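> This is upload-v4.cif, which holds mmCIF, C-alpha atoms:
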```
data_final
#
loop_
_atom_site.label_atom_id
_atom_site.label_comp_id
_atom_site.auth_asym_id
_atom_site.auth_seq_id
_atom_site.Cartn_x
_atom_site.Cartn_y
_atom_site.Cartn_z
CA MET A 14 0.00 0.00 0.00
CA ASN A 15 1.26 3.48 -0.87
CA LEU A 16 2.07 5.12 2.48
CA SER A 17 1.45 8.57 0.99
CA LEU A 18 -2.25 7.81 0.63
CA SER A 19 -4.71 9.24 3.13
CA PRO A 20 -6.90 6.72 5.00
CA ALA A 21 -9.82 7.72 2.74
CA GLU A 22 -7.79 6.97 -0.39
CA ALA A 23 -6.36 3.80 1.12
CA LEU A 24 -9.87 2.58 1.95
CA ARG A 25 -11.02 3.11 -1.63
CA ASP A 26 -8.02 1.13 -2.87
CA ALA A 27 -8.59 -1.66 -0.36
CA LEU A 28 -12.26 -1.97 -1.31
CA ALA A 29 -11.49 -2.05 -5.03
CA GLY A 30 -10.39 -5.69 -5.00
CA LEU A 31 -12.98 -7.06 -2.61
CA LEU A 32 -15.38 -8.62 -5.10
CA ASP A 33 -12.69 -10.48 -7.03
CA GLY A 34 -13.77 -14.10 -7.23
CA LEU A 35 -17.26 -13.42 -5.85
CA PRO A 36 -19.97 -13.98 -8.49
CA PRO A 37 -21.84 -10.68 -9.15
CA THR A 38 -25.21 -12.37 -8.67
CA LYS A 39 -24.20 -13.67 -5.25
CA ALA A 40 -22.94 -10.23 -4.22
CA ALA A 41 -26.17 -8.63 -5.44
CA GLN A 42 -28.27 -11.16 -3.50
CA ALA A 43 -26.27 -10.50 -0.34
CA VAL A 44 -26.71 -6.75 -0.79
CA ASP A 45 -30.47 -7.13 -1.25
CA ARG A 46 -30.73 -9.12 1.97
CA LEU A 47 -28.59 -6.65 3.87
CA ILE A 48 -30.66 -3.70 2.63
CA ALA A 49 -33.84 -5.43 3.82
CA SER A 50 -32.23 -6.10 7.20
CA TYR A 51 -30.88 -2.59 7.74
CA ARG A 52 -34.09 -0.93 6.59
CA GLY A 53 -36.27 -3.16 8.72
CA THR A 54 -37.60 -2.21 12.14
CA THR A 55 -37.04 -5.38 14.16
CA PRO A 56 -33.86 -5.63 16.25
CA THR A 57 -31.95 -8.89 16.06
CA ASP A 58 -30.03 -10.83 18.68
CA ALA A 59 -27.77 -12.43 16.08
CA PRO A 60 -25.10 -10.97 13.77
CA VAL A 61 -26.47 -9.58 10.52
CA LEU A 62 -23.24 -10.52 8.71
CA ARG A 63 -23.12 -14.31 8.51
CA ASP A 64 -20.35 -15.31 6.10
CA ARG A 65 -17.66 -14.03 3.74
CA SER A 66 -20.15 -13.21 0.97
CA ASP A 67 -22.26 -11.14 3.35
CA VAL A 68 -19.23 -9.30 4.69
CA VAL A 69 -17.74 -8.53 1.27
CA ALA A 70 -21.11 -7.25 0.05
CA TYR A 71 -21.50 -5.19 3.23
CA ALA A 72 -18.05 -3.66 2.90
CA ALA A 73 -18.70 -2.58 -0.69
CA TYR A 74 -22.26 -1.47 0.07
CA ARG A 75 -21.82 0.27 3.43
CA MET A 76 -18.20 1.06 4.34
CA PRO A 77 -17.83 4.20 2.16
CA ALA A 78 -21.06 5.70 3.50
CA THR A 79 -20.36 4.78 7.13
CA PHE A 80 -16.84 6.19 6.81
CA GLU A 81 -18.13 9.56 5.53
CA ALA A 82 -20.88 9.85 8.15
CA VAL A 83 -18.50 9.07 11.01
CA ARG A 84 -15.85 11.37 9.52
CA ALA A 85 -18.39 14.22 9.56
CA ALA A 86 -19.25 13.55 13.22
CA LEU A 87 -15.57 13.39 14.15
CA GLY A 88 -15.02 16.65 12.31
CA ALA A 89 -17.60 18.28 14.57
CA LEU A 90 -15.78 16.89 17.61
CA ARG A 91 -12.49 18.32 16.33
CA ASP A 92 -14.14 21.73 15.84
CA ALA A 93 -15.43 21.67 19.42
CA ALA A 94 -12.13 20.44 20.91
CA PRO A 95 -9.36 21.34 18.46
CA GLU A 96 -6.49 20.57 20.87
CA TRP A 97 -7.75 17.14 21.92
CA VAL A 98 -6.25 14.02 20.33
CA PRO A 99 -7.32 10.51 21.37
CA GLY A 100 -4.59 8.06 22.30
CA THR A 101 -6.94 5.08 22.54
CA HIS A 102 -10.09 4.23 20.61
CA THR A 103 -12.71 1.51 21.03
CA ASP A 104 -15.09 0.81 18.14
CA ILE A 105 -18.17 -0.95 19.54
CA GLY A 106 -19.88 -3.11 16.93
CA GLY A 107 -17.26 -1.91 14.47
CA GLY A 108 -17.70 -4.75 11.98
CA THR A 109 -15.22 -4.27 9.15
CA GLY A 110 -13.87 -1.11 10.80
CA ALA A 111 -15.26 1.85 8.84
CA ALA A 112 -15.34 4.07 11.95
CA SER A 113 -11.75 3.14 12.77
CA TRP A 114 -10.67 4.27 9.29
CA ALA A 115 -12.49 7.56 9.95
CA VAL A 116 -10.65 8.00 13.27
CA ALA A 117 -7.33 7.42 11.52
CA GLU A 118 -8.33 10.03 8.93
CA ALA A 119 -9.49 12.58 11.51
CA TRP A 120 -6.33 12.76 13.63
CA ASP A 121 -3.68 11.31 11.35
CA SER A 122 -2.37 9.55 14.42
CA ALA A 123 -1.58 6.07 15.64
CA ALA A 124 -4.31 5.91 18.29
CA ARG A 125 -4.45 2.38 19.71
CA THR A 126 -7.70 1.03 18.29
CA THR A 127 -9.73 -1.96 19.43
CA VAL A 128 -12.62 -3.11 17.25
CA LEU A 129 -15.33 -5.17 18.96
CA ASP A 130 -17.94 -7.12 17.02
CA TRP A 131 -19.85 -10.37 17.37
CA ALA A 132 -19.46 -11.41 13.71
CA GLU A 133 -16.14 -13.20 13.19
CA PRO A 134 -16.35 -12.91 9.34
CA ALA A 135 -16.62 -9.12 9.68
CA LEU A 136 -13.65 -8.95 12.03
CA ALA A 137 -11.60 -11.17 9.70
CA LEU A 138 -12.26 -8.94 6.68
CA GLY A 139 -11.71 -5.79 8.73
CA ARG A 140 -8.35 -7.14 9.85
CA GLU A 141 -7.51 -8.01 6.24
CA LEU A 142 -8.36 -4.53 4.97
CA ALA A 143 -6.47 -2.85 7.82
CA ALA A 144 -3.36 -4.93 7.18
CA VAL A 145 -2.93 -3.48 3.69
CA SER A 146 -3.86 0.08 4.66
CA GLY A 147 -0.38 1.34 5.46
CA VAL A 148 -1.98 3.36 8.30
CA PRO A 149 -0.34 2.70 11.72
CA GLY A 150 -3.55 3.19 13.68
CA LEU A 151 -5.16 0.45 11.56
CA THR A 152 -2.34 -2.02 10.99
CA GLY A 153 -1.81 -2.17 14.75
CA ALA A 154 -5.51 -2.42 15.66
CA ALA A 155 -6.88 -5.25 17.80
CA TRP A 156 -9.91 -7.11 16.42
CA GLN A 157 -11.88 -8.86 19.16
CA ARG A 158 -15.00 -10.96 19.03
CA SER A 159 -17.44 -9.70 21.62
CA ARG A 160 -21.19 -9.94 22.04
CA ILE A 161 -22.68 -6.44 21.78
CA SER A 162 -25.30 -6.62 24.50
CA ALA A 163 -26.10 -5.61 28.06
CA ALA A 164 -23.24 -7.86 29.17
CA LEU A 165 -20.63 -5.79 27.29
CA ARG A 166 -17.75 -4.42 29.36
CA ILE A 167 -14.93 -2.41 27.81
CA GLU A 168 -11.67 -0.93 29.06
CA SER A 169 -11.37 2.79 29.62
CA SER A 170 -10.73 4.56 26.32
CA ASP A 171 -10.21 8.13 25.18
CA LEU A 172 -12.70 7.73 22.34
CA VAL A 173 -15.58 5.29 21.88
CA THR A 174 -17.47 5.09 18.59
CA VAL A 175 -20.81 3.33 18.10
CA SER A 176 -21.85 3.63 14.47
CA TYR A 177 -24.94 2.06 12.89
CA VAL A 178 -25.15 -0.44 15.74
CA LEU A 179 -28.01 0.58 18.04
CA LYS A 180 -30.69 -0.40 15.51
CA GLU A 181 -29.54 -4.01 15.67
CA LEU A 182 -30.03 -4.20 19.45
CA THR A 183 -33.01 -4.69 21.70
CA GLU A 184 -34.04 -1.65 23.71
CA GLN A 185 -32.48 -3.08 26.87
CA ASP A 186 -29.16 -3.89 25.17
CA ARG A 187 -29.17 -0.52 23.42
CA ALA A 188 -29.48 1.40 26.70
CA ALA A 189 -26.82 -0.75 28.36
CA VAL A 190 -24.30 -0.30 25.54
CA VAL A 191 -24.69 3.49 25.62
CA THR A 192 -24.31 3.47 29.42
CA GLU A 193 -21.14 1.38 29.15
CA ALA A 194 -19.71 3.68 26.48
CA ALA A 195 -20.41 6.70 28.71
CA ARG A 196 -18.73 5.00 31.68
CA ALA A 197 -15.59 4.04 29.80
CA ALA A 198 -14.92 6.99 27.50
CA GLN A 199 -13.66 10.54 27.57
CA ALA A 200 -15.54 11.15 24.30
CA VAL A 201 -18.42 9.19 22.78
CA VAL A 202 -19.51 9.42 19.14
CA ILE A 203 -22.76 7.69 18.15
CA VAL A 204 -24.03 7.62 14.57
CA GLU A 205 -27.33 6.19 13.29
CA PRO A 206 -29.26 6.37 10.01
CA GLY A 207 -30.82 9.77 9.29
CA THR A 208 -34.38 8.52 9.64
CA PRO A 209 -37.05 9.35 12.22
CA ASP A 210 -36.38 6.11 14.11
CA GLY A 211 -32.61 6.63 13.83
CA TYR A 212 -33.02 10.11 15.29
CA ALA A 213 -35.18 8.68 18.10
CA ARG A 214 -32.36 6.32 19.04
CA ILE A 215 -29.88 9.20 18.97
CA ILE A 216 -32.09 11.32 21.23
CA ALA A 217 -32.41 8.44 23.72
CA ALA A 218 -28.62 8.00 23.65
CA ARG A 219 -28.12 11.76 24.03
CA ASP A 220 -30.33 11.82 27.11
CA ALA A 221 -28.40 8.89 28.61
CA LEU A 222 -25.03 10.53 27.94
CA VAL A 223 -26.10 13.79 29.58
CA ALA A 224 -27.55 11.88 32.54
CA ALA A 225 -24.16 10.14 32.90
CA GLY A 226 -22.45 13.52 33.30
CA LEU A 227 -21.14 14.11 29.79
CA ARG A 228 -21.63 17.37 27.92
CA ILE A 229 -22.83 17.60 24.32
CA ALA A 230 -20.14 18.71 21.88
CA ALA A 231 -22.10 18.29 18.62
CA PRO A 232 -24.27 18.68 16.72
CA CYS A 233 -26.27 20.55 19.37
CA PRO A 234 -25.02 23.93 20.63
CA HIS A 235 -26.10 22.95 24.15
CA SER A 236 -26.77 20.01 26.48
CA ALA A 237 -30.35 21.01 27.26
CA ALA A 238 -33.39 19.25 25.83
CA CYS A 239 -33.69 19.05 22.05
CA PRO A 240 -36.08 21.78 20.83
CA ILE A 241 -37.68 19.51 18.21
CA GLU A 242 -41.12 18.38 19.34
CA PRO A 243 -41.37 14.58 19.20
CA GLY A 244 -43.12 13.37 16.07
CA THR A 245 -42.90 16.69 14.22
CA ASP A 246 -39.44 16.48 12.66
CA TRP A 247 -36.07 14.85 13.09
CA CYS A 248 -32.50 16.15 13.17
CA HIS A 249 -30.27 14.66 10.51
CA PHE A 250 -27.49 15.61 8.15
CA ALA A 251 -25.96 14.47 4.87
CA ALA A 252 -22.46 13.40 3.83
CA ARG A 253 -21.43 13.21 0.16
CA VAL A 254 -20.07 9.75 -0.72
CA SER A 255 -17.98 9.19 -3.84
CA ARG A 256 -18.97 5.98 -5.54
CA SER A 257 -16.40 3.86 -7.33
CA SER A 258 -17.34 1.67 -10.27
CA LEU A 259 -17.33 -1.24 -7.83
CA HIS A 260 -19.71 0.60 -5.52
CA ARG A 261 -22.05 1.42 -8.42
CA GLN A 262 -21.97 -2.21 -9.52
CA VAL A 263 -22.91 -3.53 -6.09
CA LYS A 264 -25.63 -0.94 -5.45
CA GLY A 265 -26.99 -0.91 -8.99
CA GLY A 266 -26.60 2.86 -9.42
CA SER A 267 -25.14 5.05 -12.13
CA LEU A 268 -24.25 8.32 -10.38
CA ALA A 269 -20.68 8.99 -9.28
CA TYR A 270 -21.87 9.98 -5.80
CA GLU A 271 -24.66 9.62 -3.28
CA ASP A 272 -25.66 11.45 -0.12
CA GLU A 273 -25.64 9.46 3.10
CA LYS A 274 -28.27 10.74 5.55
CA PHE A 275 -27.31 10.27 9.19
CA SER A 276 -28.08 11.42 12.73
CA TYR A 277 -25.40 11.65 15.39
CA VAL A 278 -24.38 12.84 18.83
CA VAL A 279 -20.97 13.62 20.28
CA ALA A 280 -20.48 13.94 24.04
CA THR A 281 -17.38 14.43 26.18
CA ARG A 282 -16.16 14.44 29.77
CA PHE A 283 -13.75 17.31 29.08
CA PRO A 284 -14.49 20.98 28.30
CA VAL A 285 -15.56 21.73 24.75
CA ALA A 286 -16.71 24.75 22.75
CA PRO A 287 -19.87 23.68 20.90
CA ALA A 288 -21.03 25.58 17.85
CA PRO A 289 -23.02 28.75 18.70
CA ALA A 290 -25.61 27.41 16.25
CA ARG A 291 -25.86 24.56 13.74
CA VAL A 292 -27.31 24.66 10.22
CA THR A 293 -30.04 22.01 10.30
CA ARG A 294 -31.26 22.14 6.70
CA LYS A 295 -29.75 22.82 3.31
CA PRO A 296 -29.33 26.63 3.08
CA GLN A 297 -31.73 28.31 0.67
CA ILE A 298 -29.83 30.70 -1.59
CA ARG A 299 -32.01 33.38 -3.17
CA LYS A 300 -31.33 36.65 -4.93
CA GLY A 301 -29.40 38.79 -2.48
CA GLN A 302 -30.12 36.63 0.54
CA VAL A 303 -29.55 33.26 2.17
CA LEU A 304 -32.06 31.56 4.47
CA LEU A 305 -30.47 29.50 7.24
CA ASP A 306 -32.45 27.08 9.43
CA LEU A 307 -30.54 26.91 12.71
CA CYS A 308 -30.54 25.14 16.04
CA THR A 309 -29.37 27.62 18.67
CA GLU A 310 -28.65 27.59 22.38
CA GLY A 311 -30.81 30.53 23.39
CA ASP A 312 -33.59 30.60 20.78
CA GLY A 313 -34.08 26.93 19.95
CA LEU A 314 -34.96 26.42 16.30
CA ARG A 315 -34.63 29.65 14.34
CA ARG A 316 -34.46 30.86 10.75
CA ASP A 317 -31.98 33.62 9.96
CA THR A 318 -32.00 35.67 6.77
CA VAL A 319 -28.52 36.81 5.78
CA THR A 320 -28.40 39.54 3.12
CA LYS A 321 -25.73 41.44 1.22
CA ARG A 322 -25.79 44.19 3.81
CA HIS A 323 -24.25 41.71 6.25
CA GLY A 324 -20.99 41.90 4.26
CA ALA A 325 -18.54 39.07 4.95
CA LEU A 326 -21.24 37.15 6.81
CA TYR A 327 -23.29 37.04 3.59
CA LYS A 328 -20.41 35.42 1.71
CA ALA A 329 -20.00 32.92 4.55
CA ALA A 330 -23.72 32.14 4.39
CA ARG A 331 -23.50 31.46 0.66
CA ASP A 332 -20.67 29.01 1.38
CA ALA A 333 -22.41 27.38 4.35
CA ALA A 334 -23.50 23.77 4.08
CA TRP A 335 -26.03 21.62 5.84
CA GLY A 336 -24.53 20.56 9.17
CA ASP A 337 -22.06 23.44 9.46
CA GLU A 338 -21.72 25.48 12.62
CA TRP A 339 -22.87 29.08 12.40
CA PRO A 340 -21.35 31.56 12.31
CA PRO A 341 -18.10 29.97 11.13
CA ARG A 342 -15.20 30.28 13.56
#
```
Kindly transcribe the structure held in the file into structure tokens.

Amino acid sequence: MNLSLSPAEALRDALAGLLDGLPPTKAAQAVDRLIASYRGTTPTDAPVLRDRSDVVAYAAYRMPATFEAVRAALGALRDAAPEWVPGTHTDIGGGTGAASWAVAEAWDSAARTTVLDWAEPALALGRELAAVSGVPGLTGAAWQRSRISAALRIESSDLVTVSYVLKELTEQDRAAVVTEAARAAQAVVIVEPGTPDGYARIIAARDALVAAGLRIAAPCPHSAACPIEPGTDWCHFAARVSRSSLHRQVKGGSLAYEDEKFSYVVATRFPVAPAPARVTRKPQIRKGQVLLDLCTEGDGLRRDTVTKRHGALYKAARDAAWGDEWPPR
């Protein structure tokens, strides 16, 4: 592996050879089953990824999107705590390790990473991909089989990530895993699909993290109750995902990109500087003005209209993206 590649580039290279030797029809069938599983509403008490075919299909189908969503959440953590660098990282339910690749990308460091998952085929492929990454934080990672449930116990860690995992758990296991992450970590990053039920799981996790004494670093500008009334809307964001020819083959698409919708929460035990406000919808750019839907600390949900008379702030508003903090630092 070319050591000059970033983790994002190295991941694309590592994924490029995954489907070699796997019949396209078998990969497509595995993807169809995985899509049905991940879009369903019933938690499971067994691993979703059963064998090599499932894991290869999953890696091609989900790793790029999971990587980008987690990278966006980690970017918000870095904005809130720019001097903080994790020395240890635990990836709960990490599967093939997409979140661990995102951690390596975020800090360009050799944080000691441990990936926990209950599916041995996923751990095996994750270990295989990491070995050819050329990234110290990945080549030296520990890959451990562990049941993700109420019985989970982890060692203290600077950073704990839980990405696209809570949906697979029962309500009792879900609450216990979040509680254990809060107990063990200095910073917790939880990512779920950007759907109403994904947001509901994030809100429940957010409440548990605050109750455990952590403070919210992102996306919220505060640790108080979410201003969204239950059942009226949901907080989610989007990450642009580049799609390789392999990715388009597996997912049956033709575009060179897709937008991954996700909800997330970041909480820490150390002081942070959350965004004064967060852009919660795609900015609406009109003639001479930009409409920004914001979540704020003092005013809850608010729409700001930024016009040319605001000078440099107007240019910043035109450049603002969904999920950005506002105003920019």
> If I take CA of Ala23 (chain A) and CA of Ser122 (chain A), how far is one from the other in Å, to one decimal?
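Straight-line distance from CA of Ala23 (chain A) to CA of Ser122 (chain A) works out to 15.0 Å.
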> Identify all residues satisfying the PyMOL selection byres ((chain A and resi 217-220) around 10) in the given file; provide them as a ChimeraX atom specification.
/A:179,187-188,190-192,195,203,212-216,221-225,227-229,236-239,277-280
> Could you jot down the CA of Arg65 (chain A) to CA of Ala137 (chain A) separation for me, Å, one decimal place?
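Pair CA of Arg65 (chain A) / CA of Ala137 (chain A) returns 9.0 Å.
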> Grab the CA of Glu184 (chain A) to CA of Ala251 (chain A) distance for me, in Å with one decimal place.
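CA of Ala251 (chain A) lies at a distance of 26.1 Å from CA of Glu184 (chain A).
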> Evaluated on this file, the PyMOL selection byres ((chain A and resi 330) around 8) picks out some residues - which ones are they, written as a list in words?
Pro296, Val303, Leu305, Val319, Leu326, Tyr327, Lys328, Ala329, Arg331, Asp332 and Ala333 of chain A
> For this structure, which residues satisfy the selection - the PyMOL selection byres ((chain A and resi 104) around 6) - when it is evaluated on the file as given? I want them as a count of residues only.
6
> Pick out the residues sitting within 9 Å of Ala115 (chain A), and hand them over as a short mmCIF file (atom, residue, chain, number, x, y, z; two decimals) with C-alpha atoms, in the coordinates of the input; count all atoms listed in the file, and ignore anything fewer than 6 positions along from it in its own chain.

```cif
data_model
loop_
_atom_site.label_atom_id
_atom_site.label_comp_id
_atom_site.auth_asym_id
_atom_site.auth_seq_id
_atom_site.Cartn_x
_atom_site.Cartn_y
_atom_site.Cartn_z
CA PRO A 20 -6.90 6.72 5.00
CA ALA A 21 -9.82 7.72 2.74
CA THR A 79 -20.36 4.78 7.13
CA PHE A 80 -16.84 6.19 6.81
CA GLU A 81 -18.13 9.56 5.53
CA ALA A 82 -20.88 9.85 8.15
CA VAL A 83 -18.50 9.07 11.01
CA ARG A 84 -15.85 11.37 9.52
CA ALA A 85 -18.39 14.22 9.56
CA LEU A 87 -15.57 13.39 14.15
#
```
> With all atoms listed in the file as the atoms that count, which of A:Leu90, A:Ala189, A:Ala111, A:Ala252 lies nearest to Val285 (chain A)?
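Among the listed residues, the smallest separation from Val285 (chain A) belongs to A:Leu90.
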> Give me the residues near Ala230 (chain A) as a list in words, where near means some atom within 10 Å (using all atoms listed in the file) and where sequence neighbours in that chain fewer than 4 positions away do not count.
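The contact residues come out as Ala89, Leu90, Arg91, Asp92, Ala93, Ala94, Ala200, Val201, Val202, Pro234, His235, Ser236, Val278, Val279, Ala280, Thr281, Arg282, Phe283, Pro284, Val285, Ala286, Pro287 and Ala288 of chain A.
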> Which residues come within 9 Å of region 155-163 of chain A, counting all atoms listed in the file, excluding same-chain residues fewer than 3 positions away, as a PyMOL selection string?
chain A and resi 58+105-106+125-133+136-137+139-140+151-152+166+178+182-183+185-190+193
> Within 12 Å of (-7.3, 5.1, -0.5), in the coordinates the file gives, what residues turn up when you count all atoms listed in the file, written out as an MDAnalysis selection string?
chainID A and resid 14:29 77 114:115 118 142:143 145:148 255 257
> Using only C-alpha atoms, which of A:Leu304, A:Ala164, A:Met76, A:Ala231 sits nearest Pro289 (chain A)?
A:Ala231
> Could you list, as a list in words, every residue within 10 Å of Trp247 (chain A), counting all atoms listed in the file and ignoring same-chain residues fewer than 2 positions away?
Gly207, Thr208, Pro209, Asp210, Gly211, Tyr212, Ala213, Ile216, Ile241, Glu242, Pro243, Gly244, Thr245, His249, Phe250, Ser276 and Thr293 of chain A
